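Remarks on the structure that follows.
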Amino acid sequence: MAGIDYLERIPNNVNLAENRRLQRALEEWQPRFLEWWNDMGPTGFQTKDVYLRTAVSVDAQGWAKFDYVQMPEYRWGIFLAEPEPARVIGFGDHKGVPAWQEVPGEYRGTLRRLIVTQGDTEPASVEQQRHLGRTCPSLYDLRNIFQVNVEEGRHLWAMVYLLDAHFGRDGREEAEALLQRRSGDRDRPRILGAFNEPTPDWLSFFMFAFFTDRDGKYQLASLAESGFDPLSRTCRFMLTEEAHHMFVGETGVGRIVQRTCELMRKHKTDDVRAFGGIDLATIQRYINFHCSVSLDLFGSEVSTNAANFYTMGLKARFEETKKHDDHVLKDATYPVLELDGERVVTREEPALVSLNERLRDDYIADCARGLQRWNETIKRHGIDFALALPHRGFHRAIGTFSEAKIAPDGRVISEAEWDVRRHDWLPTTEDQLFVQSLMQPVIEPGKFANWIAPPPRGINGKPLDFEYVRLG
Ligand code: BYC
């Protein structure tokens with residue numbers, strides 16, 4: 001396959017130079033993307049050198065090249081994973097037929113909608129995080145958030161490539177609209193709920209990278225199984241970048257937990273706020289919030305949309321190819337937790353309509369593994385406390401549980417009890433103000449804010465006091 005041409009305006013491994021129409025469409029979009037990046041990307045720092053990783057080839061050895069780059073100069077490009085020779089569709093009604101290289105006409109609208117929904121999250125997250133540079137806890141963390149931001153930008157490019165290459169004029173219109181919607185805007189919000197929530201502080205950012213980026217992992221993995229081969233290949237490559245975002249989230253929260261434990265031990269108190277730490281109870285409330293809004297991103301428990309995506313061969317289960325069943329699922333069932341009046345019950349539902357819930361199950365199990373690692377840190381410090389995921393019905397806005405009030409332990413409760421207890425379960429204004437008060441920038445190389453422990457090692461073998469962002 002072609003290598004990546006870095007001399008081109010748009011680095012790519014899709015032979016862009018040979019497709020003039022597509023090249024022109026993307027070159028017309030590029031300045032508008034940069035305009036959006038300048039308006040809505042990270043505030044400040046745009047002319048600073050940041051030690052960034054750039055993809056230079058998609059094979060295992062070469063996709064991570066580290067160097068100082070100014071963010072607007074980042075090589076946002078189009079990279080698809082290597083094609084799998086003779087790939088066939090692995091599931092649904094078209095199981096066994098060669099994977100599509102072109103959009104099947106009858107699924108055009110559905111596929112476009114999926115790609116647009118995926119694409120919309122990428123610029124949204126950059127918008128949500130744009131003010132955080134000003135309050136970074138260290139240059140190491142500052143570099144990490146910018147790495148995440150430029151990669152989300154590249155993921156937007158990935159979806160815009162698909163729209164421009166395969167959806168003609170309406171694809172171009174959708175590519176434009178991706179730059180027009182704005183996170184949190186009342187009149188033209190981003191498509192999915194979690195991407196309209198503010199990310200006002202670094203605790204929220206790390207939680208977002210842990211919980212919401214992890215939805216990205218599961219959705220991208222399901223789309224990587226798609227019968228539409230260009231979507232599959234682009235998602236496969238995006239997943240390699242996504243792993244770093246979840247690393248930032250898990251280690252970010254983990255380092256906060258560690259620092260909190262150190263302060264608890266040192267001062268022999270649970271109330272570490274007086275010592276500039278974030279108490280475990282507050283961390284738990286942030287977990288409850290970010291977990292619940294991210295659970296909403298999987299859609300309704302019982303969804304004909306999800307069934308259609310599957311039977312059409314557009315979106316599969318997590319690790320579809322590793323599962324040992326018929327990959328058609330017409331006769332299968334799946335246990336789904338549902339609301340039955342005052343009770344939460346398990347019902348066997350047809351497997352096809354339960355695919356959102358099944359993906360949510362995989363996701364919850366993955367989140368639980370991360371929490372376990374944070375809890376090991378707490379245990380190592382001899383502290384008797386465990387962070388927990390809230391029940392999947394807690395604080396939901398989408399699906400069956402949105403119709404009731406559910407406590408974090410899974411009890412269906414009255415509105416009155418909810419009103420009294422919600423401040424114990426979700427971040428309060430006071431929590432937010434306290435966390436905000438800690439957000440003072442630390443920009444001296446090798447120094448870290450008091451509320452977060454340093455990481456065990458730097459980026460790409462560099463020391464912790466490396467100048468990850470040159471502010472001079
Ligand atoms: N907010 O049958 P339903 C990432 C809509 S994150 C608002 O329940 P369906 C990233 C739904 O669109 C990964 N609306 O659900 C992370 C539908 O509307 P229409 C993003 C919602 O369709 C961090 C209606 O409700 N990728 O990459 O089975 C940083 C009924 O839908 C929500 C994808 O999501 C919500 N939470 O599944 C950067 C993959 N939930 O069509 C990036 C593509 C549902 O009736 N998207 N609705 O007007 C999908 O696969 C599906 O659209 C969903 C929803 C899983 C999101």
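We name chains A, B, ... following the order of the structure tokens; residues begin at 1 in each chain, and ligands are numbered from 1 as shown.
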Would you tabulate, counting only C-alpha atoms, all residues of region 131-224 of chain A that have an atom at most 10 Å from an atom of region 293-298 of chain A, showing the closest pair of atoms and their distance in Å to one decimal, sorted by chain then ascending number, as JSON lines?
```
{"residue": "A:Leu192", "atom": "CA", "partner": "A:Leu297", "partner_atom": "CA", "distance": 6.9}
{"residue": "A:Gly193", "atom": "CA", "partner": "A:Val293", "partner_atom": "CA", "distance": 7.4}
{"residue": "A:Ala194", "atom": "CA", "partner": "A:Val293", "partner_atom": "CA", "distance": 5.6}
{"residue": "A:Phe195", "atom": "CA", "partner": "A:Val293", "partner_atom": "CA", "distance": 9.3}
{"residue": "A:Glu197", "atom": "CA", "partner": "A:Val293", "partner_atom": "CA", "distance": 8.9}
{"residue": "A:Phe208", "atom": "CA", "partner": "A:Ser294", "partner_atom": "CA", "distance": 8.5}
{"residue": "A:Phe210", "atom": "CA", "partner": "A:Ser294", "partner_atom": "CA", "distance": 9.9}
{"residue": "A:Phe211", "atom": "CA", "partner": "A:Ser294", "partner_atom": "CA", "distance": 6.2}
{"residue": "A:Thr212", "atom": "CA", "partner": "A:Ser294", "partner_atom": "CA", "distance": 5.3}
{"residue": "A:Asp213", "atom": "CA", "partner": "A:Ser294", "partner_atom": "CA", "distance": 8.8}
{"residue": "A:Arg214", "atom": "CA", "partner": "A:Ser294", "partner_atom": "CA", "distance": 8.6}
{"residue": "A:Asp215", "atom": "CA", "partner": "A:Ser294", "partner_atom": "CA", "distance": 6.8}
{"residue": "A:Gly216", "atom": "CA", "partner": "A:Leu297", "partner_atom": "CA", "distance": 9.4}
{"residue": "A:Tyr218", "atom": "CA", "partner": "A:Phe298", "partner_atom": "CA", "distance": 9.3}
{"residue": "A:Gln219", "atom": "CA", "partner": "A:Phe298", "partner_atom": "CA", "distance": 8.3}
```
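For region 254-461 of chain A, the set of residues given strand (DSSP E or B) by DSSP on the backbone reads A:Thr333, A:Tyr334, A:Pro335, A:Val336, A:Leu337, A:Glu338, A:Leu339, A:Asp340, A:Arg343, A:Val344, A:Val345, A:Thr346, A:Arg347, A:Glu348, A:Glu349, A:Pro350, A:Lys405, A:Ile406, A:Val412, A:Ile413.
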Exercise. With distances taken over only C-alpha atoms, which of A:Gln284, A:Arg53, A:Glu349, A:Glu225 is nearest to Asp331 (chain A)?
Worked result: A:Glu349
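Distance annotation: of A:Asp141, A:Gly277, A:Leu339, A:Thr43, the residue with the minimal separation from Arg265 (chain A) is A:Gly277; atom set is only C-alpha atoms.
Restricting the calculation to only C-alpha atoms and all ligand atoms, the smallest distance between ligand 1 and any of A:Gln128, A:Gln180, A:Thr346, A:Thr321 is found for A:Gln128.
Minimum distance to ligand 1 across A:Asp326, A:Glu152, A:Asp361, A:Asp271 (counting only C-alpha atoms and all ligand atoms) occurs at A:Glu152.
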Write out as a CSV table (one decimal) with N, CA, C and O atoms, in the first residue's frame which residues come within 10 Å of His131 (chain A) when counting only C-alpha atoms, dropping same-chain ones fewer than 2 positions away.
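Heads up, here's the output in around_26.csv:
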```csv
chain,number,residue,atom,x,y,z
A,40,MET,N,-12.2,27.8,18.1
A,40,MET,CA,-12.8,26.9,19.1
A,40,MET,C,-11.8,25.9,19.7
A,40,MET,O,-12.2,25.2,20.7
A,41,GLY,N,-10.6,25.9,19.2
A,41,GLY,CA,-9.6,25.0,19.8
A,41,GLY,C,-9.0,25.6,21.1
A,41,GLY,O,-9.5,26.6,21.5
A,42,PRO,N,-7.9,25.0,21.6
A,42,PRO,CA,-7.3,25.4,22.8
A,42,PRO,C,-7.1,27.0,22.8
A,42,PRO,O,-6.5,27.5,21.9
A,43,THR,N,-7.5,27.6,23.9
A,43,THR,CA,-7.2,29.1,24.0
A,43,THR,C,-5.8,29.3,24.4
A,43,THR,O,-5.4,28.7,25.4
A,44,GLY,N,-5.1,30.2,23.8
A,44,GLY,CA,-3.7,30.5,24.1
A,44,GLY,C,-2.9,29.3,23.5
A,44,GLY,O,-3.4,28.4,23.0
A,126,VAL,N,-13.0,18.9,21.8
A,126,VAL,CA,-12.0,20.0,21.8
A,126,VAL,C,-12.6,21.3,22.3
A,126,VAL,O,-12.0,22.0,23.1
A,127,GLU,N,-13.8,21.5,21.9
A,127,GLU,CA,-14.5,22.7,22.4
A,127,GLU,C,-14.7,22.7,23.9
A,127,GLU,O,-14.5,23.7,24.6
A,128,GLN,N,-15.1,21.5,24.4
A,128,GLN,CA,-15.3,21.4,25.8
A,128,GLN,C,-14.1,21.7,26.6
A,128,GLN,O,-14.2,22.1,27.7
A,129,GLN,N,-12.9,21.3,26.1
A,129,GLN,CA,-11.7,21.4,26.8
A,129,GLN,C,-10.9,22.6,26.6
A,129,GLN,O,-9.7,22.7,27.1
A,133,GLY,N,-6.1,24.7,29.3
A,133,GLY,CA,-4.6,25.0,29.3
A,133,GLY,C,-4.2,26.0,30.3
A,133,GLY,O,-3.1,25.9,30.9
A,134,ARG,N,-5.0,26.9,30.5
A,134,ARG,CA,-4.7,28.1,31.5
A,134,ARG,C,-4.5,27.6,32.9
A,134,ARG,O,-4.0,28.3,33.7
A,135,THR,N,-5.1,26.4,33.2
A,135,THR,CA,-5.0,26.0,34.6
A,135,THR,C,-4.3,24.7,34.8
A,135,THR,O,-4.6,23.9,35.7
A,136,CYS,N,-3.4,24.4,33.9
A,136,CYS,CA,-2.8,23.1,33.8
A,136,CYS,C,-2.0,22.8,35.2
A,136,CYS,O,-1.4,23.6,35.7
A,199,THR,N,-16.7,21.1,30.6
A,199,THR,CA,-15.6,20.4,31.2
A,199,THR,C,-14.7,21.6,31.9
A,199,THR,O,-13.7,22.0,31.3
A,200,PRO,N,-15.2,22.0,33.0
A,200,PRO,CA,-14.6,23.3,33.5
A,200,PRO,C,-13.3,23.1,34.3
A,200,PRO,O,-12.6,24.1,34.6
A,201,ASP,N,-12.9,21.9,34.7
A,201,ASP,CA,-11.7,21.8,35.5
A,201,ASP,C,-11.0,20.5,35.2
A,201,ASP,O,-11.6,19.6,34.5
```
Residues within 12 Å of Thr282 (chain A), please, as an mmCIF file with N, CA, C and O atoms, in the first residue's frame. Count only C-alpha atoms; anything in the same chain fewer than 5 positions from it doesn't count.
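Saved to around_29.cif:
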```
data_model
loop_
_atom_site.group_PDB
_atom_site.id
_atom_site.type_symbol
_atom_site.label_atom_id
_atom_site.label_comp_id
_atom_site.auth_asym_id
_atom_site.auth_seq_id
_atom_site.Cartn_x
_atom_site.Cartn_y
_atom_site.Cartn_z
ATOM 1 N N LEU A 203 -10.229 17.886 37.007
ATOM 2 C CA LEU A 203 -10.836 16.642 37.510
ATOM 3 C C LEU A 203 -11.893 16.185 36.506
ATOM 4 O O LEU A 203 -11.958 15.006 36.146
ATOM 5 N N SER A 204 -12.692 17.135 36.025
ATOM 6 C CA SER A 204 -13.708 16.787 35.014
ATOM 7 C C SER A 204 -13.044 16.277 33.740
ATOM 8 O O SER A 204 -13.538 15.338 33.107
ATOM 9 N N ILE A 256 -4.613 11.663 41.060
ATOM 10 C CA ILE A 256 -5.353 12.488 42.029
ATOM 11 C C ILE A 256 -5.674 11.645 43.270
ATOM 12 O O ILE A 256 -5.466 12.071 44.409
ATOM 13 N N VAL A 257 -6.143 10.421 43.023
ATOM 14 C CA VAL A 257 -6.473 9.521 44.129
ATOM 15 C C VAL A 257 -5.219 9.299 44.995
ATOM 16 O O VAL A 257 -5.265 9.358 46.221
ATOM 17 N N THR A 260 -4.476 12.315 47.094
ATOM 18 C CA THR A 260 -5.466 12.418 48.170
ATOM 19 C C THR A 260 -5.106 11.455 49.303
ATOM 20 O O THR A 260 -5.124 11.825 50.483
ATOM 21 N N ASP A 270 -9.854 12.477 56.780
ATOM 22 C CA ASP A 270 -10.529 12.249 55.497
ATOM 23 C C ASP A 270 -10.710 13.564 54.758
ATOM 24 O O ASP A 270 -10.895 13.587 53.553
ATOM 25 N N ASP A 271 -10.707 14.625 55.550
ATOM 26 C CA ASP A 271 -11.045 15.915 54.970
ATOM 27 C C ASP A 271 -9.776 16.620 54.490
ATOM 28 O O ASP A 271 -9.204 17.443 55.196
ATOM 29 N N VAL A 272 -9.372 16.272 53.282
ATOM 30 C CA VAL A 272 -8.087 16.802 52.806
ATOM 31 C C VAL A 272 -8.221 18.164 52.140
ATOM 32 O O VAL A 272 -7.239 18.737 51.699
ATOM 33 N N ARG A 273 -9.435 18.670 52.086
ATOM 34 C CA ARG A 273 -9.602 19.968 51.409
ATOM 35 C C ARG A 273 -8.751 21.052 52.067
ATOM 36 O O ARG A 273 -8.164 21.884 51.374
ATOM 37 N N GLY A 277 -6.136 19.105 48.876
ATOM 38 C CA GLY A 277 -6.391 17.879 48.104
ATOM 39 C C GLY A 277 -7.873 17.738 47.796
ATOM 40 O O GLY A 277 -8.709 18.471 48.340
ATOM 41 N N ILE A 287 -17.262 10.793 39.691
ATOM 42 C CA ILE A 287 -17.408 9.502 39.004
ATOM 43 C C ILE A 287 -18.885 9.282 38.667
ATOM 44 O O ILE A 287 -19.237 8.926 37.533
ATOM 45 N N ASN A 288 -19.749 9.521 39.650
ATOM 46 C CA ASN A 288 -21.181 9.284 39.433
ATOM 47 C C ASN A 288 -21.703 10.105 38.262
ATOM 48 O O ASN A 288 -22.484 9.618 37.433
ATOM 49 N N PHE A 289 -21.257 11.337 38.190
ATOM 50 C CA PHE A 289 -21.735 12.206 37.107
ATOM 51 C C PHE A 289 -21.207 11.738 35.750
ATOM 52 O O PHE A 289 -21.977 11.501 34.817
ATOM 53 N N LEU A 387 -13.922 3.323 45.912
ATOM 54 C CA LEU A 387 -14.713 4.035 44.898
ATOM 55 C C LEU A 387 -15.564 3.004 44.163
ATOM 56 O O LEU A 387 -15.155 1.850 44.010
ATOM 57 N N HIS A 423 -27.519 15.760 46.335
ATOM 58 C CA HIS A 423 -26.269 16.476 46.632
ATOM 59 C C HIS A 423 -25.203 15.573 47.247
ATOM 60 O O HIS A 423 -24.031 15.913 47.251
ATOM 61 N N ASP A 424 -25.651 14.432 47.756
ATOM 62 C CA ASP A 424 -24.662 13.457 48.237
ATOM 63 C C ASP A 424 -24.076 12.675 47.064
ATOM 64 O O ASP A 424 -23.026 12.052 47.191
ATOM 65 N N TRP A 425 -24.784 12.682 45.959
ATOM 66 C CA TRP A 425 -24.426 11.762 44.868
ATOM 67 C C TRP A 425 -23.801 12.432 43.651
ATOM 68 O O TRP A 425 -23.087 11.796 42.887
ATOM 69 N N LEU A 426 -24.145 13.688 43.443
ATOM 70 C CA LEU A 426 -23.627 14.397 42.268
ATOM 71 C C LEU A 426 -22.839 15.623 42.726
ATOM 72 O O LEU A 426 -23.118 16.167 43.801
ATOM 73 N N PRO A 427 -21.863 16.065 41.922
ATOM 74 C CA PRO A 427 -21.077 17.229 42.338
ATOM 75 C C PRO A 427 -21.987 18.415 42.658
ATOM 76 O O PRO A 427 -22.915 18.721 41.902
ATOM 77 N N THR A 428 -21.741 19.033 43.789
ATOM 78 C CA THR A 428 -22.531 20.201 44.186
ATOM 79 C C THR A 428 -21.829 21.461 43.678
ATOM 80 O O THR A 428 -20.656 21.412 43.285
ATOM 81 N N THR A 429 -22.535 22.570 43.758
ATOM 82 C CA THR A 429 -21.908 23.850 43.392
ATOM 83 C C THR A 429 -20.682 24.077 44.265
ATOM 84 O O THR A 429 -19.640 24.538 43.795
ATOM 85 N N GLU A 430 -20.818 23.701 45.526
ATOM 86 C CA GLU A 430 -19.687 23.891 46.440
ATOM 87 C C GLU A 430 -18.490 23.038 46.007
ATOM 88 O O GLU A 430 -17.350 23.499 46.025
ATOM 89 N N ASP A 431 -18.760 21.791 45.623
ATOM 90 C CA ASP A 431 -17.666 20.933 45.116
ATOM 91 C C ASP A 431 -16.989 21.602 43.922
ATOM 92 O O ASP A 431 -15.762 21.644 43.824
ATOM 93 N N GLN A 432 -17.830 22.082 43.027
ATOM 94 C CA GLN A 432 -17.278 22.650 41.792
ATOM 95 C C GLN A 432 -16.437 23.887 42.092
ATOM 96 O O GLN A 432 -15.363 24.067 41.516
ATOM 97 N N LEU A 433 -16.939 24.701 43.021
ATOM 98 C CA LEU A 433 -16.180 25.909 43.379
ATOM 99 C C LEU A 433 -14.878 25.526 44.057
ATOM 100 O O LEU A 433 -13.825 26.135 43.818
ATOM 101 N N PHE A 434 -14.943 24.497 44.898
ATOM 102 C CA PHE A 434 -13.710 24.065 45.566
ATOM 103 C C PHE A 434 -12.695 23.555 44.534
ATOM 104 O O PHE A 434 -11.535 23.968 44.531
ATOM 105 N N VAL A 435 -13.148 22.670 43.664
ATOM 106 C CA VAL A 435 -12.229 22.123 42.657
ATOM 107 C C VAL A 435 -11.667 23.273 41.811
ATOM 108 O O VAL A 435 -10.471 23.338 41.529
#
```
For this session: Find the residues near Pro104 (chain A): any atom within 12 Å, counting only C-alpha atoms, skip ones fewer than 3 places away on the same chain, and give them as a list of chain:residue names.
Result: A:His94, A:Ala99, A:Trp100, A:Gln101, A:Tyr107, A:Arg108, A:Gly109, A:Thr110, A:Leu111, A:Arg112, A:His166, A:Phe167, A:Gly227, A:Phe228, A:Asp229, A:Met312, A:Gly313, A:Leu314
Next, dump the selected residues to file, keeping only all heavy atoms, as a short mmCIF file (atom, residue, chain, number, x, y, z; two decimals), in the first residue's frame.
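Contents of the output file result_11.cif:
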```cif
data_model
loop_
_atom_site.label_atom_id
_atom_site.label_comp_id
_atom_site.auth_asym_id
_atom_site.auth_seq_id
_atom_site.Cartn_x
_atom_site.Cartn_y
_atom_site.Cartn_z
N HIS A 94 -25.83 -9.57 5.53
CA HIS A 94 -24.87 -9.69 4.41
C HIS A 94 -23.64 -10.50 4.80
O HIS A 94 -22.61 -10.43 4.11
CB HIS A 94 -24.47 -8.29 3.93
CG HIS A 94 -25.64 -7.45 3.55
ND1 HIS A 94 -26.31 -7.59 2.36
CD2 HIS A 94 -26.30 -6.50 4.25
CE1 HIS A 94 -27.33 -6.74 2.32
NE2 HIS A 94 -27.35 -6.07 3.45
N ALA A 99 -16.58 -7.33 1.82
CA ALA A 99 -16.82 -6.02 2.45
C ALA A 99 -16.99 -4.97 1.36
O ALA A 99 -16.34 -5.03 0.32
CB ALA A 99 -15.65 -5.67 3.36
N TRP A 100 -17.89 -4.00 1.60
CA TRP A 100 -18.17 -2.97 0.60
C TRP A 100 -17.06 -1.93 0.56
O TRP A 100 -16.66 -1.39 1.60
CB TRP A 100 -19.47 -2.23 0.95
CG TRP A 100 -20.67 -3.13 1.06
CD1 TRP A 100 -21.15 -3.97 0.11
CD2 TRP A 100 -21.55 -3.24 2.19
NE1 TRP A 100 -22.27 -4.61 0.57
CE2 TRP A 100 -22.54 -4.19 1.84
CE3 TRP A 100 -21.61 -2.65 3.45
CZ2 TRP A 100 -23.57 -4.55 2.70
CZ3 TRP A 100 -22.62 -3.01 4.32
CH2 TRP A 100 -23.60 -3.95 3.95
N GLN A 101 -16.63 -1.61 -0.64
CA GLN A 101 -15.67 -0.50 -0.80
C GLN A 101 -16.42 0.80 -1.09
O GLN A 101 -15.87 1.88 -0.94
CB GLN A 101 -14.66 -0.81 -1.91
CG GLN A 101 -13.82 -2.06 -1.65
CD GLN A 101 -13.10 -2.03 -0.28
OE1 GLN A 101 -12.65 -0.99 0.17
NE2 GLN A 101 -13.03 -3.19 0.37
N TYR A 107 -28.41 1.87 2.15
CA TYR A 107 -28.04 2.19 3.53
C TYR A 107 -27.38 3.57 3.66
O TYR A 107 -26.83 3.91 4.70
CB TYR A 107 -27.08 1.13 4.10
CG TYR A 107 -27.64 -0.27 4.07
CD1 TYR A 107 -26.80 -1.35 3.93
CD2 TYR A 107 -29.01 -0.49 4.18
CE1 TYR A 107 -27.30 -2.64 3.91
CE2 TYR A 107 -29.52 -1.78 4.15
CZ TYR A 107 -28.68 -2.84 4.01
OH TYR A 107 -29.17 -4.11 3.99
N ARG A 108 -27.42 4.30 2.58
CA ARG A 108 -26.68 5.55 2.51
C ARG A 108 -27.02 6.49 3.68
O ARG A 108 -26.14 6.97 4.39
CB ARG A 108 -27.06 6.22 1.19
CG ARG A 108 -26.06 7.17 0.70
CD ARG A 108 -26.35 7.45 -0.79
NE ARG A 108 -25.32 8.32 -1.26
CZ ARG A 108 -25.34 9.61 -1.08
NH1 ARG A 108 -26.36 10.18 -0.49
NH2 ARG A 108 -24.33 10.35 -1.50
N GLY A 109 -28.32 6.72 3.89
CA GLY A 109 -28.74 7.66 4.92
C GLY A 109 -28.34 7.19 6.32
O GLY A 109 -27.83 7.99 7.13
N THR A 110 -28.52 5.92 6.57
CA THR A 110 -28.21 5.38 7.90
C THR A 110 -26.71 5.47 8.17
O THR A 110 -26.27 5.88 9.25
CB THR A 110 -28.64 3.89 7.98
OG1 THR A 110 -29.98 3.82 7.52
CG2 THR A 110 -28.55 3.35 9.38
N LEU A 111 -25.94 5.10 7.17
CA LEU A 111 -24.49 5.12 7.33
C LEU A 111 -23.98 6.55 7.53
O LEU A 111 -23.12 6.82 8.38
CB LEU A 111 -23.85 4.48 6.09
CG LEU A 111 -22.36 4.16 6.14
CD1 LEU A 111 -22.01 3.32 7.36
CD2 LEU A 111 -21.96 3.41 4.87
N ARG A 112 -24.55 7.45 6.75
CA ARG A 112 -24.12 8.85 6.88
C ARG A 112 -24.40 9.36 8.29
O ARG A 112 -23.59 10.02 8.90
CB ARG A 112 -24.86 9.71 5.84
CG ARG A 112 -24.28 11.10 5.72
CD ARG A 112 -25.09 11.93 4.77
NE ARG A 112 -26.46 12.01 5.23
CZ ARG A 112 -27.53 12.13 4.45
NH1 ARG A 112 -27.40 12.18 3.14
NH2 ARG A 112 -28.73 12.19 4.96
N HIS A 166 -17.26 9.56 -0.02
CA HIS A 166 -18.29 8.57 -0.33
C HIS A 166 -19.73 9.09 -0.33
O HIS A 166 -20.64 8.35 -0.65
CB HIS A 166 -18.19 7.40 0.66
CG HIS A 166 -16.89 6.66 0.55
ND1 HIS A 166 -16.65 5.72 -0.43
CD2 HIS A 166 -15.75 6.74 1.27
CE1 HIS A 166 -15.42 5.24 -0.30
NE2 HIS A 166 -14.86 5.85 0.73
N PHE A 167 -19.94 10.36 0.02
CA PHE A 167 -21.32 10.82 0.13
C PHE A 167 -21.63 12.06 -0.71
O PHE A 167 -22.66 12.71 -0.49
CB PHE A 167 -21.69 11.07 1.60
CG PHE A 167 -21.74 9.80 2.41
CD1 PHE A 167 -20.60 9.31 3.02
CD2 PHE A 167 -22.91 9.07 2.53
CE1 PHE A 167 -20.62 8.14 3.76
CE2 PHE A 167 -22.96 7.90 3.28
CZ PHE A 167 -21.81 7.43 3.89
N GLY A 227 -19.22 -3.53 7.76
CA GLY A 227 -19.11 -4.08 6.41
C GLY A 227 -18.65 -3.02 5.41
O GLY A 227 -18.17 -3.35 4.32
N PHE A 228 -18.78 -1.75 5.77
CA PHE A 228 -18.29 -0.67 4.90
C PHE A 228 -16.80 -0.51 5.21
O PHE A 228 -16.42 0.07 6.22
CB PHE A 228 -19.08 0.62 5.17
CG PHE A 228 -18.63 1.77 4.33
CD1 PHE A 228 -18.48 1.66 2.96
CD2 PHE A 228 -18.37 3.00 4.92
CE1 PHE A 228 -18.06 2.73 2.18
CE2 PHE A 228 -17.95 4.09 4.15
CZ PHE A 228 -17.79 3.94 2.78
N ASP A 229 -15.97 -1.05 4.33
CA ASP A 229 -14.56 -1.23 4.63
C ASP A 229 -13.81 0.07 4.96
O ASP A 229 -13.00 0.10 5.88
CB ASP A 229 -13.88 -1.99 3.48
CG ASP A 229 -12.64 -2.71 3.95
OD1 ASP A 229 -12.68 -3.32 5.04
OD2 ASP A 229 -11.61 -2.64 3.25
N MET A 312 -28.03 -4.61 8.91
CA MET A 312 -27.54 -3.99 7.68
C MET A 312 -26.04 -4.21 7.47
O MET A 312 -25.50 -3.89 6.41
CB MET A 312 -27.78 -2.47 7.73
CG MET A 312 -29.22 -2.05 7.64
SD MET A 312 -29.32 -0.26 7.97
CE MET A 312 -31.07 0.03 7.73
N GLY A 313 -25.35 -4.67 8.53
CA GLY A 313 -23.90 -4.91 8.40
C GLY A 313 -23.08 -3.64 8.60
O GLY A 313 -21.93 -3.57 8.16
N LEU A 314 -23.65 -2.63 9.28
CA LEU A 314 -22.95 -1.35 9.42
C LEU A 314 -22.18 -1.24 10.73
O LEU A 314 -21.11 -0.64 10.78
CB LEU A 314 -23.95 -0.19 9.32
CG LEU A 314 -24.79 -0.15 8.05
CD1 LEU A 314 -25.75 1.03 8.07
CD2 LEU A 314 -23.89 -0.09 6.81
#
```
For this session: Pick out each residue of region 87-326 of chain A that DSSP on the backbone tags as alpha helix (DSSP H); I need them as number ranges by chain.
Result: A: 108-128, 139-166, 168-180, 202-207, 213-224, 229-267, 280-295, 304-311
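Distances from A:Asn12, A:Thr251, A:Asn356, A:Gln70 to ligand 1 were compared using only C-alpha atoms and all ligand atoms, and the smallest one belongs to A:Asn356.
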Exercise. Using only C-alpha atoms, which of the listed residues (A:His381, A:Arg20, A:His324, A:Arg113) sits closest to Met264 (chain A)?
Worked result: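 That would be A:His381, the residue with the smallest distance to Met264 (chain A).
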For this session: Would you work out the distance separating CA of Leu464 (chain A) from CA of Lys48 (chain A), expressed in Å to one decimal?
Result: 19.0 Å
Exercise. What does the distance from CA of Ala209 (chain A) to CA of Ser226 (chain A) come to in Å, to one decimal?
Worked result: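 CA of Ala209 (chain A) sits 24.9 Å away from CA of Ser226 (chain A).
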